[in-house]
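Report on the structure given below.
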Amino acid sequence: MARGSGNGLATARSSSRALLADLTVQLGSVVQVQEQAPPGGVGEWACQKGVILDRGPFSFSRHEYLEVPYKDNHPYQVEKKCAQMGNTTRALLRAFYAAIYLNFVGVLYLFPSKTGSSDFSKTRVTPLIDKNFDAIGKYVTETDSVSIKRIKNCNLLLRGTRSTEGLRSDPTDLNIYDEFDLFEFNVEEVADARIAHSDFGWTHYLSNPTLPNFGIDKKFQETDQRYWLLKCPKCGKWTNPVEEWEINAKPSERLLPDLIWEKNDGTTVLRCTHCHDGILEPSRGVWVAKKPSITEKRGYQYSHLFSQYVKLGKLVDKYLNTTDMQALYNYGLGLGYVAAENVLTEKQVLNLCGSYGMVQSDNGPNYMGVDQQDLLNITIGDKAGNIKFIGERKEFDELDVLMKDFNVFRSVVDAQPEKRLAKAFASRFPGKVYLNWYDENKKGGAVWDDENFKVSVDRTESMDASHACLSSKDNIVLPRENDIIKKFAFQCTKTARQLKEDDKGNKRYIWVKLGPDHFRHSFNYYNIARGFSSNSIFAGLFDA
């Protein structure tokens with residue numbers, strides 16, 4: 001009996017082993033067993049496996065600046081880049097590596113639009129899988145979907161972000177934001193919820209910069225700020241070519257920095273900014289953090305100034321002759337840029353100050369603009385552009401006093417975030433106080449809704465108009481310079497005009513926030529109140 005049971009058990013074990021072996025053969029292309037990650041990180045893996053890219057086998061030749069980033073598994077990375085420096089390839093290979101070797105359950109790869117995401121899947125992701133069966137393809141179990149690739153136990157989710165619906169479900173361990181400067185402002189908040197329960201919680205931003213202090217440029221400033229420094233073969237000192245250009249080039253005058261050496265033989269090279277004699281070799285550099293004390297956020301900056309594919313002479317020629325300096329800075333130099341006519345300076349605003357001081361009351365008639373955030377930011381002036389009062393208040397009830405003290409005949413108030421308090425204020429002054437609602441489809445001036453105390457206006461049109469007013473001393477006079485006027489001037493510099501393109505290729509300018517801009521908007525509301533043509537039945541009743 002015992003012997004028979006033992007033979008039965010042995011037979012069962014033999015059958016189990018045979019079944020397991022059969023299943024292993026059947027699932028051989030799926031590879032369910034967790035493999036140990038190759039030493040050296042993503043770059044060594046790509047080299048060892050002979051990963052094939054669009055232009056041939058993976059290599060650091062002529063891309064020496066990528067060796068350190070490819071080894072870097074810091075959980076929070078920002079790459080401020082120019083075009084065609086290999087950053088998107090790195091981000092994609094990092095996603096595959098994490099899925100195959102790090103036991104990630106999800107990677108969310110984000111683009112500004114669904115079209116961009118779909119094109120990326122078809123032109124970059126699928127070819128990479130097809131060309132690299134041993135390194136990548138054998139781990140991919142589902143490839144039919146454009147937006148989802150199943151890699152072992154991990155979902156690679158490829159999503160556009162014009163709508164946030166596709167960002168609300170699957171858990172992820174790594175979120176990648178490609179072309180971050182073109183994203184809608186609320187995408188991060190939604191996408192970050194996907195990694196809220198991850199043991200990894202990796203985040204990776206990469207983008208061509210657009211404006212200074214905006215988007216990827218602002219993210220980079222929050223990191224340790226790593227730059228590719230080049231060592232002089234003559235004096236042994238180090239030069240940061242990007243900062244040398246950023247500080248010393250003068251694009252408005254087409255002046256080149258000393259970094260650029262146009263030799264007598266017609267060649268253009270980088271030269272040492274210390275001895276001015278050594279020629280700098282772009283491949284011989286090291287990454288150095290400008291702010292090494294920041295350890296929780298890692299940042300890299302890339303530029304064609306150290307590309308071995310873009311001819312330096314061609315880059316310089318574009319700089320000297322281009323009609324689109326912003327494109328050159330964004331895509332060639334990897335730097336943010338804004339034309340002087342699309343942003344205000346503090347000096348420009350303070351030059352509007354007159355000889356009179358701030359007053360606490362005025363007979364008017366006056367107009368008032370109010371932007372609401374933590375405080376109520378207020379601008380009051382007459383129809384001619386003489387600003388009488390700039391200040392801050394905590395409560396809406398305090399606006400009632402200003403309405404009376406300055407004989408305000410029309411006020412435009414930011415409708416949000418305190419909608420109820422703003423509406424109550426408007427109801428206390430019917431026909432005089434209107435809540436502003438920006439409407440991007442509303443062209444041709446303000447439209448006043450007397451029944452609901454609302455005014456609708458195109459945001460860009462209104463900001464363009466108030467920008468023009470602040471750009472000329474003939475239109476606006478501010479009170480004498482003091483601390484609140486300085487704050488007003490500072491906040492007026494924190495918006496910039498930027499060209500945006502939608503999924504259909506339509507282009508339009510918008511105004512983007514670069515920092516605290518509350519006084520800039522209070523001035524915009526004042527300008528709407530005093531200057532836009534009105535269909536209001538009250539328009540002629542209060543104006544004097």
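Lettering and numbering for the structure tokens are positional, with chains as A, B, ... in the shown order, residues counted from 1 in each chain, and ligands counted from 1 in the shown order.
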
What's around A:Phe60 at 9 Å? Count only C-alpha atoms, leave out sequence neighbours fewer than 4 positions away in its own chain, and write the answer as a list of chain:residue names.
A:Gly43, A:Cys47, A:Glu64, A:Tyr65, A:Leu66, A:Glu67

So that I can check the surroundings of stretch 289-294 of chain A, please list as a list in words every protein, DNA and RNA residue that reaches within 12 Å of it, counting only C-alpha atoms and ignoring chain neighbours fewer than 2 positions away.
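Within the cut-off, the hits are Tyr76, Phe220, Gln221, Glu222, Thr223, Asp224, Gln225, Arg226, Tyr227, Trp228, Leu229, Asn240, Glu243, Val286, Trp287, Glu296, Lys297, Arg298, Gly299, Tyr300 and Gln301 of chain A.
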
Please provide the set of residues having any atom within 10 Å of A:Ile100, restricted to only C-alpha atoms, with same-chain residues fewer than 6 positions apart removed, written as a count of residues only.
15

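For the choices A:Thr322, A:Asn208, A:Asn407, A:Asn363, the atom-to-atom distance to A:Lys432 is smallest for A:Asn407 when using only C-alpha atoms.
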
Once DSSP has gone over the backbone, tell me which residues of stretch 82-238 of chain A are in alpha helix (DSSP H), as a PyMOL selection string.
chain A and resi 87-101+114-120+126-131+187-192+215-221

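In terms of minimum interatomic distance to A:Lys513, A:Thr493 ranks closest within A:Ser117, A:Thr493, A:Asn321, A:Asn527, counting only C-alpha atoms.
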
Using only C-alpha atoms, determine which residues lie at most 8 Å from A:Phe523, disregarding the query and same-chain residues fewer than 3 positions distant; provide the list as a list in words.
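Non-adjacent residues within range: Gly369, Val370, Ile378, Thr379, Ser466, Phe519, Arg520, Tyr526 and Asn527 of chain A.
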
Dump of all heavy atoms for the selected residues, as a compact mmCIF listing (two decimals), in the first residue's frame:
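Output file selection_22.txt follows:
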# COMPACT_ATOMS: atom_id res chain seq x y z
N GLY A 369 -9.74 97.22 -11.63
CA GLY A 369 -9.54 95.82 -11.98
C GLY A 369 -9.09 95.07 -10.74
O GLY A 369 -8.24 95.56 -9.98
N VAL A 370 -9.65 93.88 -10.52
CA VAL A 370 -9.34 93.09 -9.32
C VAL A 370 -9.04 91.65 -9.73
O VAL A 370 -9.86 90.98 -10.37
CB VAL A 370 -10.51 93.09 -8.31
CG1 VAL A 370 -10.13 92.29 -7.07
CG2 VAL A 370 -10.92 94.51 -7.96
N ILE A 378 -5.37 94.91 -6.75
CA ILE A 378 -6.27 95.95 -7.25
C ILE A 378 -5.50 97.02 -8.03
O ILE A 378 -4.43 97.47 -7.60
CB ILE A 378 -6.99 96.62 -6.05
CG1 ILE A 378 -7.74 95.57 -5.23
CG2 ILE A 378 -7.94 97.72 -6.52
CD1 ILE A 378 -7.83 95.90 -3.77
N THR A 379 -6.06 97.42 -9.16
CA THR A 379 -5.56 98.55 -9.94
C THR A 379 -6.74 99.50 -10.20
O THR A 379 -7.78 99.07 -10.71
CB THR A 379 -4.95 98.10 -11.28
OG1 THR A 379 -3.89 97.19 -11.04
CG2 THR A 379 -4.43 99.30 -12.07
N SER A 466 -3.60 95.29 -23.18
CA SER A 466 -3.01 95.88 -21.96
C SER A 466 -1.49 95.86 -22.01
O SER A 466 -0.83 96.74 -21.45
CB SER A 466 -3.53 95.15 -20.72
OG SER A 466 -3.25 93.77 -20.76
N PHE A 519 -0.87 91.22 -10.19
CA PHE A 519 -1.04 92.63 -10.53
C PHE A 519 -1.14 92.83 -12.04
O PHE A 519 -1.82 93.73 -12.51
CB PHE A 519 0.09 93.47 -9.95
CG PHE A 519 -0.15 93.93 -8.54
CD1 PHE A 519 0.76 93.67 -7.54
CD2 PHE A 519 -1.31 94.62 -8.20
CE1 PHE A 519 0.54 94.09 -6.24
CE2 PHE A 519 -1.55 95.04 -6.91
CZ PHE A 519 -0.62 94.77 -5.91
N ARG A 520 -0.44 91.97 -12.79
CA ARG A 520 -0.55 92.08 -14.25
C ARG A 520 -1.99 91.85 -14.69
O ARG A 520 -2.50 92.53 -15.58
CB ARG A 520 0.39 91.06 -14.91
CG ARG A 520 0.29 91.00 -16.43
CD ARG A 520 0.75 92.30 -17.08
NE ARG A 520 0.63 92.25 -18.53
CZ ARG A 520 -0.47 92.57 -19.20
NH1 ARG A 520 -1.57 92.97 -18.56
NH2 ARG A 520 -0.49 92.51 -20.52
N TYR A 526 -8.57 96.16 -15.25
CA TYR A 526 -8.77 97.62 -15.27
C TYR A 526 -8.88 98.10 -16.72
O TYR A 526 -9.75 98.92 -17.07
CB TYR A 526 -7.62 98.33 -14.56
CG TYR A 526 -7.35 99.73 -15.06
CD1 TYR A 526 -8.17 100.79 -14.70
CD2 TYR A 526 -6.27 99.99 -15.93
CE1 TYR A 526 -7.95 102.08 -15.18
CE2 TYR A 526 -6.03 101.25 -16.40
CZ TYR A 526 -6.87 102.30 -16.04
OH TYR A 526 -6.64 103.57 -16.51
N ASN A 527 -8.00 97.58 -17.58
CA ASN A 527 -7.98 98.03 -18.96
C ASN A 527 -9.25 97.61 -19.70
O ASN A 527 -9.77 98.34 -20.55
CB ASN A 527 -6.75 97.47 -19.69
CG ASN A 527 -6.38 98.28 -20.90
OD1 ASN A 527 -6.24 99.50 -20.84
ND2 ASN A 527 -6.22 97.60 -22.03

Quick one: pick out all strand (DSSP E) residues within stretch 24-106 of chain A from a backbone DSSP run and write them as a list in words.
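Of stretch 24-106 of chain A, the ones in strand (DSSP E) are Ile52, Leu53, Gly56, Pro57, Tyr76, Gln77, Val78, Glu79, Lys80 and Gly106 of chain A.
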
Please, could you write that set of residues out with N, CA, C and O atoms as a PDB file, in the first residue's frame?
ATOM      1  N   ILE A  52      19.470  47.815 -31.920  1.00  0.00           N
ATOM      2  CA  ILE A  52      19.514  48.478 -33.227  1.00  0.00           C
ATOM      3  C   ILE A  52      18.556  49.678 -33.207  1.00  0.00           C
ATOM      4  O   ILE A  52      17.361  49.534 -32.926  1.00  0.00           O
ATOM      5  N   LEU A  53      19.086  50.836 -33.523  1.00  0.00           N
ATOM      6  CA  LEU A  53      18.289  52.051 -33.619  1.00  0.00           C
ATOM      7  C   LEU A  53      18.057  52.398 -35.087  1.00  0.00           C
ATOM      8  O   LEU A  53      18.443  51.641 -35.978  1.00  0.00           O
ATOM      9  N   GLY A  56      21.382  52.457 -36.975  1.00  0.00           N
ATOM     10  CA  GLY A  56      22.349  51.393 -36.751  1.00  0.00           C
ATOM     11  C   GLY A  56      22.466  51.003 -35.294  1.00  0.00           C
ATOM     12  O   GLY A  56      21.636  51.394 -34.458  1.00  0.00           O
ATOM     13  N   PRO A  57      23.502  50.220 -34.957  1.00  0.00           N
ATOM     14  CA  PRO A  57      23.654  49.719 -33.588  1.00  0.00           C
ATOM     15  C   PRO A  57      23.851  50.846 -32.578  1.00  0.00           C
ATOM     16  O   PRO A  57      24.492  51.864 -32.871  1.00  0.00           O
ATOM     17  N   TYR A  76      14.011  61.151 -10.172  1.00  0.00           N
ATOM     18  CA  TYR A  76      13.418  62.398 -10.674  1.00  0.00           C
ATOM     19  C   TYR A  76      14.432  63.070 -11.590  1.00  0.00           C
ATOM     20  O   TYR A  76      15.477  63.540 -11.142  1.00  0.00           O
ATOM     21  N   GLN A  77      14.131  63.071 -12.891  1.00  0.00           N
ATOM     22  CA  GLN A  77      15.087  63.614 -13.853  1.00  0.00           C
ATOM     23  C   GLN A  77      14.414  64.629 -14.776  1.00  0.00           C
ATOM     24  O   GLN A  77      13.266  64.466 -15.176  1.00  0.00           O
ATOM     25  N   VAL A  78      15.179  65.659 -15.101  1.00  0.00           N
ATOM     26  CA  VAL A  78      14.736  66.715 -16.013  1.00  0.00           C
ATOM     27  C   VAL A  78      15.801  66.897 -17.083  1.00  0.00           C
ATOM     28  O   VAL A  78      16.973  67.083 -16.764  1.00  0.00           O
ATOM     29  N   GLU A  79      15.396  66.825 -18.336  1.00  0.00           N
ATOM     30  CA  GLU A  79      16.328  67.033 -19.446  1.00  0.00           C
ATOM     31  C   GLU A  79      15.852  68.215 -20.292  1.00  0.00           C
ATOM     32  O   GLU A  79      14.840  68.130 -20.990  1.00  0.00           O
ATOM     33  N   LYS A  80      16.573  69.320 -20.187  1.00  0.00           N
ATOM     34  CA  LYS A  80      16.309  70.507 -21.008  1.00  0.00           C
ATOM     35  C   LYS A  80      17.174  70.373 -22.239  1.00  0.00           C
ATOM     36  O   LYS A  80      18.394  70.455 -22.168  1.00  0.00           O
ATOM     37  N   GLY A 106       3.826  49.521 -14.551  1.00  0.00           N
ATOM     38  CA  GLY A 106       3.335  50.440 -15.570  1.00  0.00           C
ATOM     39  C   GLY A 106       4.299  51.574 -15.835  1.00  0.00           C
ATOM     40  O   GLY A 106       4.939  52.079 -14.914  1.00  0.00           O
TER      41      GLY A 106
END

Contact table stretch 216-243 of chain A vs stretch 197-207 of chain A, cut-off 10 Å, shortest pair per residue, only C-alpha atoms, as JSON lines:
{"residue": "A:Ile216", "atom": "CA", "partner": "A:Ser207", "partner_atom": "CA", "distance": 6.2}
{"residue": "A:Asp217", "atom": "CA", "partner": "A:Ser207", "partner_atom": "CA", "distance": 8.9}
{"residue": "A:Lys219", "atom": "CA", "partner": "A:Tyr205", "partner_atom": "CA", "distance": 8.4}
{"residue": "A:Phe220", "atom": "CA", "partner": "A:Tyr205", "partner_atom": "CA", "distance": 9.3}

Can you pull out every residue within 9 Å of A:Thr239, counting only C-alpha atoms, but drop anything in the same chain fewer than 3 positions away, and send it as a list in words?
Trp228, Leu229, Leu230, Lys231, Cys232, Val242, Glu243, Glu244, Leu259, Arg271, Cys272, Thr273, His274 and Leu280 of chain A

Residues just named, written with N, CA, C and O atoms as a PDB file, in the first residue's frame:
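Final output, saved to again-v3.pdb:
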ATOM      1  N   TRP A 228      27.432  70.196 -19.308  1.00  0.00           N
ATOM      2  CA  TRP A 228      28.555  69.506 -19.939  1.00  0.00           C
ATOM      3  C   TRP A 228      29.720  70.498 -20.076  1.00  0.00           C
ATOM      4  O   TRP A 228      29.699  71.391 -20.925  1.00  0.00           O
ATOM      5  N   LEU A 229      30.708  70.381 -19.205  1.00  0.00           N
ATOM      6  CA  LEU A 229      31.856  71.286 -19.177  1.00  0.00           C
ATOM      7  C   LEU A 229      33.013  70.706 -19.975  1.00  0.00           C
ATOM      8  O   LEU A 229      33.284  69.493 -19.924  1.00  0.00           O
ATOM      9  N   LEU A 230      33.705  71.583 -20.710  1.00  0.00           N
ATOM     10  CA  LEU A 230      34.805  71.167 -21.582  1.00  0.00           C
ATOM     11  C   LEU A 230      36.129  71.692 -21.047  1.00  0.00           C
ATOM     12  O   LEU A 230      36.242  72.851 -20.657  1.00  0.00           O
ATOM     13  N   LYS A 231      37.149  70.816 -21.046  1.00  0.00           N
ATOM     14  CA  LYS A 231      38.452  71.157 -20.489  1.00  0.00           C
ATOM     15  C   LYS A 231      39.388  71.673 -21.576  1.00  0.00           C
ATOM     16  O   LYS A 231      39.514  71.081 -22.652  1.00  0.00           O
ATOM     17  N   CYS A 232      40.044  72.788 -21.281  1.00  0.00           N
ATOM     18  CA  CYS A 232      40.984  73.377 -22.240  1.00  0.00           C
ATOM     19  C   CYS A 232      42.270  72.553 -22.290  1.00  0.00           C
ATOM     20  O   CYS A 232      42.885  72.284 -21.246  1.00  0.00           O
ATOM     21  N   VAL A 242      27.325  76.431 -22.720  1.00  0.00           N
ATOM     22  CA  VAL A 242      25.931  76.880 -22.721  1.00  0.00           C
ATOM     23  C   VAL A 242      25.779  78.165 -21.922  1.00  0.00           C
ATOM     24  O   VAL A 242      25.164  79.137 -22.385  1.00  0.00           O
ATOM     25  N   GLU A 243      26.339  78.199 -20.717  1.00  0.00           N
ATOM     26  CA  GLU A 243      26.217  79.416 -19.904  1.00  0.00           C
ATOM     27  C   GLU A 243      27.021  80.560 -20.505  1.00  0.00           C
ATOM     28  O   GLU A 243      26.615  81.721 -20.407  1.00  0.00           O
ATOM     29  N   GLU A 244      28.155  80.265 -21.122  1.00  0.00           N
ATOM     30  CA  GLU A 244      28.925  81.318 -21.789  1.00  0.00           C
ATOM     31  C   GLU A 244      28.088  81.973 -22.881  1.00  0.00           C
ATOM     32  O   GLU A 244      28.082  83.189 -23.039  1.00  0.00           O
ATOM     33  N   LEU A 259      33.320  82.798 -26.699  1.00  0.00           N
ATOM     34  CA  LEU A 259      33.375  81.345 -26.836  1.00  0.00           C
ATOM     35  C   LEU A 259      33.564  80.923 -28.286  1.00  0.00           C
ATOM     36  O   LEU A 259      34.212  79.910 -28.576  1.00  0.00           O
ATOM     37  N   ARG A 271      36.340  77.970 -28.235  1.00  0.00           N
ATOM     38  CA  ARG A 271      37.647  78.202 -27.628  1.00  0.00           C
ATOM     39  C   ARG A 271      37.494  78.446 -26.127  1.00  0.00           C
ATOM     40  O   ARG A 271      36.434  78.832 -25.635  1.00  0.00           O
ATOM     41  N   CYS A 272      38.577  78.205 -25.426  1.00  0.00           N
ATOM     42  CA  CYS A 272      38.597  78.397 -23.989  1.00  0.00           C
ATOM     43  C   CYS A 272      38.312  79.857 -23.663  1.00  0.00           C
ATOM     44  O   CYS A 272      38.902  80.768 -24.245  1.00  0.00           O
ATOM     45  N   THR A 273      37.437  80.096 -22.715  1.00  0.00           N
ATOM     46  CA  THR A 273      37.097  81.473 -22.342  1.00  0.00           C
ATOM     47  C   THR A 273      38.035  82.015 -21.264  1.00  0.00           C
ATOM     48  O   THR A 273      37.861  83.146 -20.817  1.00  0.00           O
ATOM     49  N   HIS A 274      39.014  81.211 -20.876  1.00  0.00           N
ATOM     50  CA  HIS A 274      39.996  81.646 -19.879  1.00  0.00           C
ATOM     51  C   HIS A 274      41.285  82.117 -20.557  1.00  0.00           C
ATOM     52  O   HIS A 274      41.697  83.257 -20.384  1.00  0.00           O
ATOM     53  N   LEU A 280      38.366  73.804 -27.737  1.00  0.00           N
ATOM     54  CA  LEU A 280      37.632  72.853 -26.907  1.00  0.00           C
ATOM     55  C   LEU A 280      37.040  71.737 -27.760  1.00  0.00           C
ATOM     56  O   LEU A 280      36.456  71.998 -28.817  1.00  0.00           O
TER      57      LEU A 280
END

Excluding same-chain residues fewer than 5 positions from A:Lys442, what lies within 12 Å of it counting only C-alpha atoms, as a list in words?
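Using only C-alpha atoms, the neighbours found are Trp437, Val447, Trp448, Val455, Ser456, Val457, Asp458, Arg459, Thr460, Glu461 and Ser462 of chain A.
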
Go through A:Lys494, A:Arg393, A:Lys234, A:Arg508 and flag the residue nearest A:Glu440, using only C-alpha atoms for the distances.
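So, comparing all the options, the nearest one is A:Arg508.
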